[in-house]
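Asker: Got final15.cif for you, mmCIF, C-alpha atoms:
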```cif
data_coords
loop_
_atom_site.group_PDB
_atom_site.id
_atom_site.type_symbol
_atom_site.label_atom_id
_atom_site.label_comp_id
_atom_site.auth_asym_id
_atom_site.auth_seq_id
_atom_site.Cartn_x
_atom_site.Cartn_y
_atom_site.Cartn_z
ATOM 1 C CA ASP I 927 7.431 -22.215 -4.015
ATOM 2 C CA ALA I 928 3.870 -21.255 -4.917
ATOM 3 C CA GLY I 929 2.325 -18.667 -2.700
ATOM 4 C CA VAL I 930 -1.365 -18.370 -1.888
ATOM 5 C CA THR I 931 -3.470 -18.738 -5.017
ATOM 6 C CA GLN I 932 -7.080 -17.660 -5.403
ATOM 7 C CA SER I 933 -9.636 -18.211 -8.144
ATOM 8 C CA PRO I 934 -11.315 -16.666 -9.936
ATOM 9 C CA THR I 935 -9.631 -13.256 -10.006
ATOM 10 C CA HIS I 936 -12.823 -11.437 -10.959
ATOM 11 C CA LEU I 937 -16.489 -12.380 -10.747
ATOM 12 C CA ILE I 938 -19.755 -10.641 -11.588
ATOM 13 C CA LYS I 939 -23.018 -11.852 -10.030
ATOM 14 C CA THR I 940 -26.535 -10.525 -9.598
ATOM 15 C CA ARG I 941 -28.450 -10.040 -6.374
ATOM 16 C CA GLY I 942 -29.799 -13.240 -4.870
ATOM 17 C CA GLN I 943 -27.281 -15.498 -6.554
ATOM 18 C CA GLN I 944 -24.753 -17.693 -4.820
ATOM 19 C CA VAL I 945 -20.974 -17.640 -5.289
ATOM 20 C CA THR I 946 -18.039 -19.918 -4.438
ATOM 21 C CA LEU I 947 -14.487 -18.627 -4.171
ATOM 22 C CA ARG I 948 -11.460 -20.887 -3.954
ATOM 23 C CA CYS I 949 -8.079 -20.711 -2.257
ATOM 24 C CA SER I 950 -4.941 -22.830 -2.169
ATOM 25 C CA PRO I 951 -2.636 -22.039 0.748
ATOM 26 C CA LYS I 952 1.091 -21.551 0.581
ATOM 27 C CA SER I 953 3.049 -24.784 0.672
ATOM 28 C CA GLY I 954 3.509 -25.968 4.251
ATOM 29 C CA HIS I 955 0.581 -23.968 5.623
ATOM 30 C CA ASP I 956 -2.428 -25.663 7.212
ATOM 31 C CA THR I 957 -4.566 -22.705 8.320
ATOM 32 C CA VAL I 958 -6.666 -20.567 6.004
ATOM 33 C CA SER I 959 -8.421 -17.296 6.800
ATOM 34 C CA TRP I 960 -10.837 -15.317 4.668
ATOM 35 C CA TYR I 961 -11.183 -11.543 4.665
ATOM 36 C CA GLN I 962 -13.519 -9.086 2.958
ATOM 37 C CA GLN I 963 -12.005 -5.785 1.851
ATOM 38 C CA ALA I 964 -14.337 -3.027 0.733
ATOM 39 C CA LEU I 965 -12.914 -0.255 -1.430
ATOM 40 C CA GLY I 966 -10.768 2.137 0.599
ATOM 41 C CA GLN I 967 -10.980 0.091 3.789
ATOM 42 C CA GLY I 968 -8.939 -2.428 5.682
ATOM 43 C CA PRO I 969 -9.706 -6.154 5.464
ATOM 44 C CA GLN I 970 -12.494 -7.483 7.692
ATOM 45 C CA PHE I 971 -12.073 -10.972 9.152
ATOM 46 C CA ILE I 972 -14.732 -13.458 7.999
ATOM 47 C CA PHE I 973 -13.512 -16.767 9.426
ATOM 48 C CA GLN I 974 -10.567 -19.095 9.824
ATOM 49 C CA TYR I 975 -10.284 -22.802 9.050
ATOM 50 C CA TYR I 976 -7.934 -25.301 10.631
ATOM 51 C CA GLU I 977 -8.108 -29.095 10.428
ATOM 52 C CA GLU I 978 -11.199 -28.781 8.217
ATOM 53 C CA GLU I 979 -13.136 -26.957 10.926
ATOM 54 C CA GLU I 980 -14.117 -23.330 11.425
ATOM 55 C CA ARG I 981 -11.933 -22.174 14.293
ATOM 56 C CA GLN I 982 -12.801 -18.499 14.527
ATOM 57 C CA ARG I 983 -15.523 -16.345 13.004
ATOM 58 C CA GLY I 984 -15.874 -12.622 12.595
ATOM 59 C CA ASN I 985 -19.060 -10.591 12.550
ATOM 60 C CA PHE I 986 -20.524 -11.925 9.304
ATOM 61 C CA PRO I 987 -23.995 -13.426 8.750
ATOM 62 C CA ASP I 988 -24.643 -17.113 8.143
ATOM 63 C CA ARG I 989 -24.910 -16.388 4.414
ATOM 64 C CA PHE I 990 -21.132 -16.617 4.518
ATOM 65 C CA SER I 991 -19.927 -20.174 4.912
ATOM 66 C CA GLY I 992 -16.771 -22.047 4.167
ATOM 67 C CA HIS I 993 -15.043 -25.330 3.898
ATOM 68 C CA GLN I 994 -11.523 -26.673 4.182
ATOM 69 C CA PHE I 995 -10.422 -29.810 2.384
ATOM 70 C CA PRO I 996 -7.909 -32.462 3.519
ATOM 71 C CA ASN I 997 -5.238 -30.858 1.284
ATOM 72 C CA TYR I 998 -5.789 -27.582 3.258
ATOM 73 C CA SER I 999 -7.367 -25.740 0.327
ATOM 74 C CA SER I 1000 -10.508 -23.812 1.140
ATOM 75 C CA GLU I 1001 -13.719 -22.442 -0.302
ATOM 76 C CA LEU I 1002 -15.782 -19.415 0.666
ATOM 77 C CA ASN I 1003 -19.483 -19.575 -0.182
ATOM 78 C CA VAL I 1004 -21.825 -16.621 -0.090
ATOM 79 C CA ASN I 1005 -25.571 -17.173 -0.512
ATOM 80 C CA ALA I 1006 -28.330 -14.704 -1.383
ATOM 81 C CA LEU I 1007 -25.869 -12.070 -2.591
ATOM 82 C CA LEU I 1008 -26.522 -8.444 -1.712
ATOM 83 C CA LEU I 1009 -25.172 -5.346 -3.426
ATOM 84 C CA GLY I 1010 -23.148 -4.695 -0.276
ATOM 85 C CA ASP I 1011 -21.251 -7.957 -0.751
ATOM 86 C CA SER I 1012 -19.316 -6.339 -3.590
ATOM 87 C CA ALA I 1013 -15.718 -6.323 -2.400
ATOM 88 C CA LEU I 1014 -12.284 -7.861 -2.737
ATOM 89 C CA TYR I 1015 -12.212 -11.231 -0.993
ATOM 90 C CA LEU I 1016 -8.810 -12.168 0.324
ATOM 91 C CA CYS I 1017 -7.536 -15.531 1.416
ATOM 92 C CA ALA I 1018 -4.589 -15.754 3.782
ATOM 93 C CA SER I 1019 -2.685 -18.787 4.968
ATOM 94 C CA THR I 1020 -0.341 -19.528 7.823
ATOM 95 C CA ASP I 1021 0.860 -22.504 9.768
ATOM 96 C CA SER I 1022 -0.881 -23.234 13.046
ATOM 97 C CA TYR I 1023 2.067 -21.956 15.109
ATOM 98 C CA SER I 1024 2.398 -18.539 13.506
ATOM 99 C CA GLU I 1025 0.404 -15.353 13.276
ATOM 100 C CA LYS I 1026 2.206 -14.213 10.119
ATOM 101 C CA LEU I 1027 -0.393 -14.191 7.356
ATOM 102 C CA PHE I 1028 0.444 -14.666 3.690
ATOM 103 C CA PHE I 1029 -2.219 -13.288 1.360
ATOM 104 C CA GLY I 1030 -3.337 -14.154 -2.126
ATOM 105 C CA SER I 1031 -4.165 -11.449 -4.660
ATOM 106 C CA GLY I 1032 -7.883 -11.806 -3.979
ATOM 107 C CA THR I 1033 -11.109 -12.279 -5.893
ATOM 108 C CA GLN I 1034 -12.890 -9.085 -6.915
ATOM 109 C CA LEU I 1035 -16.623 -9.754 -6.582
ATOM 110 C CA SER I 1036 -19.121 -7.374 -8.133
ATOM 111 C CA VAL I 1037 -22.816 -7.820 -7.328
ATOM 112 C CA LEU I 1038 -25.190 -6.046 -9.721
ATOM 113 C CA GLY U 15 -14.072 -5.422 21.015
ATOM 114 C CA GLU U 16 -10.793 -4.241 19.563
ATOM 115 C CA ASN U 17 -10.715 -1.047 17.529
ATOM 116 C CA VAL U 18 -7.693 0.166 15.545
ATOM 117 C CA GLU U 19 -7.383 3.744 14.339
ATOM 118 C CA GLN U 20 -4.771 4.726 11.764
ATOM 119 C CA HIS U 21 -3.465 8.163 10.759
ATOM 120 C CA PRO U 22 -3.004 9.828 8.387
ATOM 121 C CA SER U 23 -5.237 8.458 5.647
ATOM 122 C CA THR U 24 -2.933 9.938 2.997
ATOM 123 C CA LEU U 25 0.740 10.852 3.348
ATOM 124 C CA SER U 26 2.789 12.540 0.648
ATOM 125 C CA VAL U 27 6.576 12.793 1.136
ATOM 126 C CA GLN U 28 9.518 13.781 -1.002
ATOM 127 C CA GLU U 29 11.681 10.910 -2.227
ATOM 128 C CA GLY U 30 14.501 10.390 0.251
ATOM 129 C CA ASP U 31 12.576 11.821 3.202
ATOM 130 C CA SER U 32 11.108 9.788 6.061
ATOM 131 C CA ALA U 33 7.485 8.715 6.493
ATOM 132 C CA VAL U 34 5.706 7.966 9.761
ATOM 133 C CA ILE U 35 2.310 6.275 10.108
ATOM 134 C CA LYS U 36 0.609 5.979 13.499
ATOM 135 C CA CYS U 37 -1.974 3.596 14.915
ATOM 136 C CA THR U 38 -3.820 3.331 18.207
ATOM 137 C CA TYR U 39 -5.619 0.296 19.573
ATOM 138 C CA SER U 40 -8.188 -0.171 22.325
ATOM 139 C CA ASP U 41 -7.756 -3.733 23.667
ATOM 140 C CA SER U 42 -4.965 -3.878 26.228
ATOM 141 C CA ALA U 43 -4.842 -7.673 25.740
ATOM 142 C CA SER U 44 -3.613 -7.299 22.134
ATOM 143 C CA ASN U 45 -0.113 -8.706 21.868
ATOM 144 C CA TYR U 46 0.817 -8.831 18.179
ATOM 145 C CA PHE U 47 1.045 -5.843 15.834
ATOM 146 C CA PRO U 48 1.871 -6.414 12.157
ATOM 147 C CA TRP U 49 2.197 -3.901 9.337
ATOM 148 C CA TYR U 50 1.143 -4.763 5.796
ATOM 149 C CA LYS U 51 1.838 -3.108 2.454
ATOM 150 C CA GLN U 52 -0.750 -3.410 -0.296
ATOM 151 C CA GLU U 53 0.020 -2.486 -3.873
ATOM 152 C CA LEU U 54 -2.644 -1.988 -6.497
ATOM 153 C CA GLY U 55 -4.211 -5.272 -7.583
ATOM 154 C CA LYS U 56 -2.380 -7.325 -4.978
ATOM 155 C CA GLY U 57 -3.072 -8.741 -1.577
ATOM 156 C CA PRO U 58 -1.464 -7.271 1.552
ATOM 157 C CA GLN U 59 2.158 -8.237 2.180
ATOM 158 C CA LEU U 60 3.639 -8.416 5.673
ATOM 159 C CA ILE U 61 6.561 -5.997 5.953
ATOM 160 C CA ILE U 62 7.297 -5.984 9.669
ATOM 161 C CA ASP U 63 5.670 -7.044 12.930
ATOM 162 C CA ILE U 64 6.222 -6.579 16.644
ATOM 163 C CA ARG U 65 5.099 -8.334 19.796
ATOM 164 C CA SER U 66 3.983 -6.633 22.980
ATOM 165 C CA ASN U 67 7.121 -7.656 24.886
ATOM 166 C CA VAL U 68 9.301 -5.583 22.517
ATOM 167 C CA GLY U 69 9.422 -1.792 22.240
ATOM 168 C CA GLU U 70 11.103 -1.408 18.869
ATOM 169 C CA LYS U 71 12.081 -3.499 15.864
ATOM 170 C CA LYS U 72 14.035 -2.523 12.799
ATOM 171 C CA ASP U 73 14.552 -4.102 9.389
ATOM 172 C CA GLN U 74 16.775 -2.055 7.067
ATOM 173 C CA ARG U 75 14.803 1.132 6.198
ATOM 174 C CA ILE U 76 11.693 0.083 8.117
ATOM 175 C CA ALA U 77 11.136 0.274 11.856
ATOM 176 C CA VAL U 78 8.170 -0.165 14.162
ATOM 177 C CA THR U 79 7.798 1.222 17.689
ATOM 178 C CA LEU U 80 5.254 0.178 20.290
ATOM 179 C CA ASN U 81 4.083 2.067 23.375
ATOM 180 C CA LYS U 82 1.937 -0.359 25.369
ATOM 181 C CA THR U 83 1.029 2.168 28.035
ATOM 182 C CA ALA U 84 -0.372 4.598 25.504
ATOM 183 C CA LYS U 85 -1.659 1.785 23.260
ATOM 184 C CA HIS U 86 -0.108 3.096 20.103
ATOM 185 C CA PHE U 87 2.401 1.862 17.577
ATOM 186 C CA SER U 88 4.067 3.501 14.611
ATOM 187 C CA LEU U 89 5.717 2.577 11.318
ATOM 188 C CA HIS U 90 8.811 4.510 10.271
ATOM 189 C CA ILE U 91 10.206 4.365 6.745
ATOM 190 C CA THR U 92 13.492 6.156 6.137
ATOM 191 C CA GLU U 93 15.079 7.199 2.830
ATOM 192 C CA THR U 94 11.808 6.650 0.981
ATOM 193 C CA GLN U 95 11.940 5.364 -2.590
ATOM 194 C CA PRO U 96 9.357 5.322 -5.418
ATOM 195 C CA GLU U 97 8.656 1.637 -4.792
ATOM 196 C CA ASP U 98 7.470 2.505 -1.278
ATOM 197 C CA SER U 99 4.323 4.021 -2.814
ATOM 198 C CA ALA U 100 1.425 1.834 -1.685
ATOM 199 C CA VAL U 101 -1.311 1.570 0.936
ATOM 200 C CA TYR U 102 -0.041 0.596 4.377
ATOM 201 C CA PHE U 103 -2.195 -1.109 7.000
ATOM 202 C CA CYS U 104 -1.573 -1.610 10.682
ATOM 203 C CA ALA U 105 -3.324 -4.369 12.605
ATOM 204 C CA ALA U 106 -3.669 -5.639 16.158
ATOM 205 C CA SER U 107 -4.266 -9.194 17.248
ATOM 206 C CA SER U 108 -7.229 -9.618 19.557
ATOM 207 C CA ASN U 109 -8.728 -12.987 20.459
ATOM 208 C CA TYR U 110 -6.704 -14.675 17.698
ATOM 209 C CA GLN U 111 -8.185 -12.292 15.122
ATOM 210 C CA LEU U 112 -6.437 -9.454 13.342
ATOM 211 C CA ILE U 113 -8.265 -6.134 13.564
ATOM 212 C CA TRP U 114 -7.095 -3.758 10.862
ATOM 213 C CA GLY U 115 -6.754 -0.018 10.551
ATOM 214 C CA ALA U 116 -8.333 1.783 7.595
ATOM 215 C CA GLY U 117 -5.021 2.211 5.769
ATOM 216 C CA THR U 118 -2.636 5.001 4.777
ATOM 217 C CA LYS U 119 -1.971 5.809 1.158
ATOM 218 C CA LEU U 120 1.726 6.704 0.928
ATOM 219 C CA ILE U 121 2.730 8.826 -2.058
ATOM 220 C CA ILE U 122 6.417 9.338 -2.841
ATOM 221 C CA LYS U 123 7.032 12.527 -4.817
ATOM 222 C CA PRO U 124 10.029 12.504 -7.189
#
```
Can you dump the structure from the file as structure tokens?
Answerer:
Amino acid sequence: DAGVTQSPTHLIKTRGQQVTLRCSPKSGHDTVSWYQQALGQGPQFIFQYYEEEERQRGNFPDRFSGHQFPNYSSELNVNALLLGDSALYLCASTDSYSEKLFFGSGTQLSVL
Amino acid sequence: GENVEQHPSTLSVQEGDSAVIKCTYSDSASNYFPWYKQELGKGPQLIIDIRSNVGEKKDQRIAVTLNKTAKHFSLHITETQPEDSAVYFCAASSNYQLIWGAGTKLIIKP
């Protein structure tokens, strides 16, 4: 049973560029959440997708947007990258009846 | 909004001893409190969780206690082993979002 998979594992971008990160949820899960984890800190909630719609959103600017596809996979898009966007981006999946999150290994984004 | 504080930031214990990590939360409406373990280069992994209608939960060497009145919850690891070395995060569910503590780096000394 494949767990949560994320791609790419590492990414280097320059300021002002745009980036797309991808996530495939664990089999049987229909809800995907995205988190940003800065070095030495706990994950910060970006948003959650369910039934292809954004269900909840954390305190992140509109530069952060997402999408969920009919197969429940998801993308995180970040526009106009800032140096401060450098972080580990984690995707977590669950089914709609549970609060137990299953995380992928993340995408390490470096903005130069 | 919800705020979760976690202590200590680093904990070093002798192999075989017990480790205790403590968290406090601010939102009395929070009702779900998971603990995650994160190893280097990996995403967080759920190790145990507790709901607000339960005071204590145990799973082999790991236990979590919750004091709703004081708004704090703790993770207890007994008979620590080298593979317990990792960063541990507590979290509290508020408004369907998980608010996380800053993490505790647990070091197991041989």
Asker: Choose the residue, out of I:Gln974, I:Thr957, I:Ser933, I:Gln967, that has the smallest atom-to-atom separation from Gly992 (chain I); count all atoms listed in the file.
Answerer: I:Gln974
Asker: Please work out which residues fall within 7 Å of (-8.0, -6.9, 22.5), coordinates as given in the file, with all atoms listed in the file counting, and return them as a ChimeraX atom specification.
Answerer: /U:15-16,40-44,107-109
Asker: Show me, as a PyMOL selection string, the residues that have an atom within 12 Å of Gly929 (chain I) when counting only C-alpha atoms, minus same-chain residues fewer than 3 positions from it.
Answerer: (chain I and resi 932+949-955+1017-1020+1027-1031) or (chain U and resi 57+59)
Asker: Given the PyMOL selection byres ((chain U and resi 117) around 8) and the file above, list the residues it selects as a list of chain:residue names.
Answerer: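 With the PyMOL selection byres ((chain U and resi 117) around 8) on this model, the match is I:Gly966, I:Gln967, I:Gly968, U:Gln20, U:His21, U:Ser23, U:Val101, U:Tyr102, U:Phe103, U:Cys104, U:Gly115, U:Ala116, U:Thr118, U:Lys119.
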Asker: Store the residues of this selection in a file with C-alpha atoms, as a PDB file, in the coordinates of the input.
Answerer:
```
ATOM      1  CA  GLY I 966     -10.768   2.137   0.599  1.00  0.00           C
ATOM      2  CA  GLN I 967     -10.980   0.091   3.789  1.00  0.00           C
ATOM      3  CA  GLY I 968      -8.939  -2.428   5.682  1.00  0.00           C
TER       4      GLY I 968
ATOM      5  CA  GLN U  20      -4.771   4.726  11.764  1.00  0.00           C
ATOM      6  CA  HIS U  21      -3.465   8.163  10.759  1.00  0.00           C
ATOM      7  CA  SER U  23      -5.237   8.458   5.647  1.00  0.00           C
ATOM      8  CA  VAL U 101      -1.311   1.570   0.936  1.00  0.00           C
ATOM      9  CA  TYR U 102      -0.041   0.596   4.377  1.00  0.00           C
ATOM     10  CA  PHE U 103      -2.195  -1.109   7.000  1.00  0.00           C
ATOM     11  CA  CYS U 104      -1.573  -1.610  10.682  1.00  0.00           C
ATOM     12  CA  GLY U 115      -6.754  -0.018  10.551  1.00  0.00           C
ATOM     13  CA  ALA U 116      -8.333   1.783   7.595  1.00  0.00           C
ATOM     14  CA  THR U 118      -2.636   5.001   4.777  1.00  0.00           C
ATOM     15  CA  LYS U 119      -1.971   5.809   1.158  1.00  0.00           C
TER      16      LYS U 119
END
```
Asker: Distance CA of Ser1000 (chain I)-CA of Asp63 (chain U), one decimal place?
Answerer: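 Between CA of Ser1000 (chain I) and CA of Asp63 (chain U) the gap is 26.1 Å.
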Asker: Report the residues retrieved by the PyMOL selection byres ((chain I and resi 941) around 7) from the displayed file, expressed as JSON, numbers by chain.
Answerer: {"I": [939, 940, 942, 943, 1006, 1007, 1008, 1009, 1037, 1038]}
Asker: Mind checking which residues fall within 9 Å of Leu120 (chain U), counting all atoms listed in the file, ignoring those fewer than 6 positions away in the same chain, and posting them as a PyMOL selection string?
Answerer: chain U and resi 23-27+33+98-102
Asker: Identify, on the basis of only C-alpha atoms, every residue whose closest approach to Asn45 (chain U) does not exceed 12 Å; exclude the query and any residue fewer than 3 positions from it along the same chain; express the result as an MDAnalysis selection string.
Answerer: (chainID I and resid 1025) or (chainID U and resid 16 39:42 48 63:69 80:82 85:87 105:113)
Asker: Compile the contact shell of Tyr976 (chain I) as an MDAnalysis selection string: residues with an atom at most 9 Å away, counting all atoms listed in the file, same-chain residues fewer than 2 positions apart removed.
Answerer: chainID I and resid 956:959 974 978:981 994 998 1022
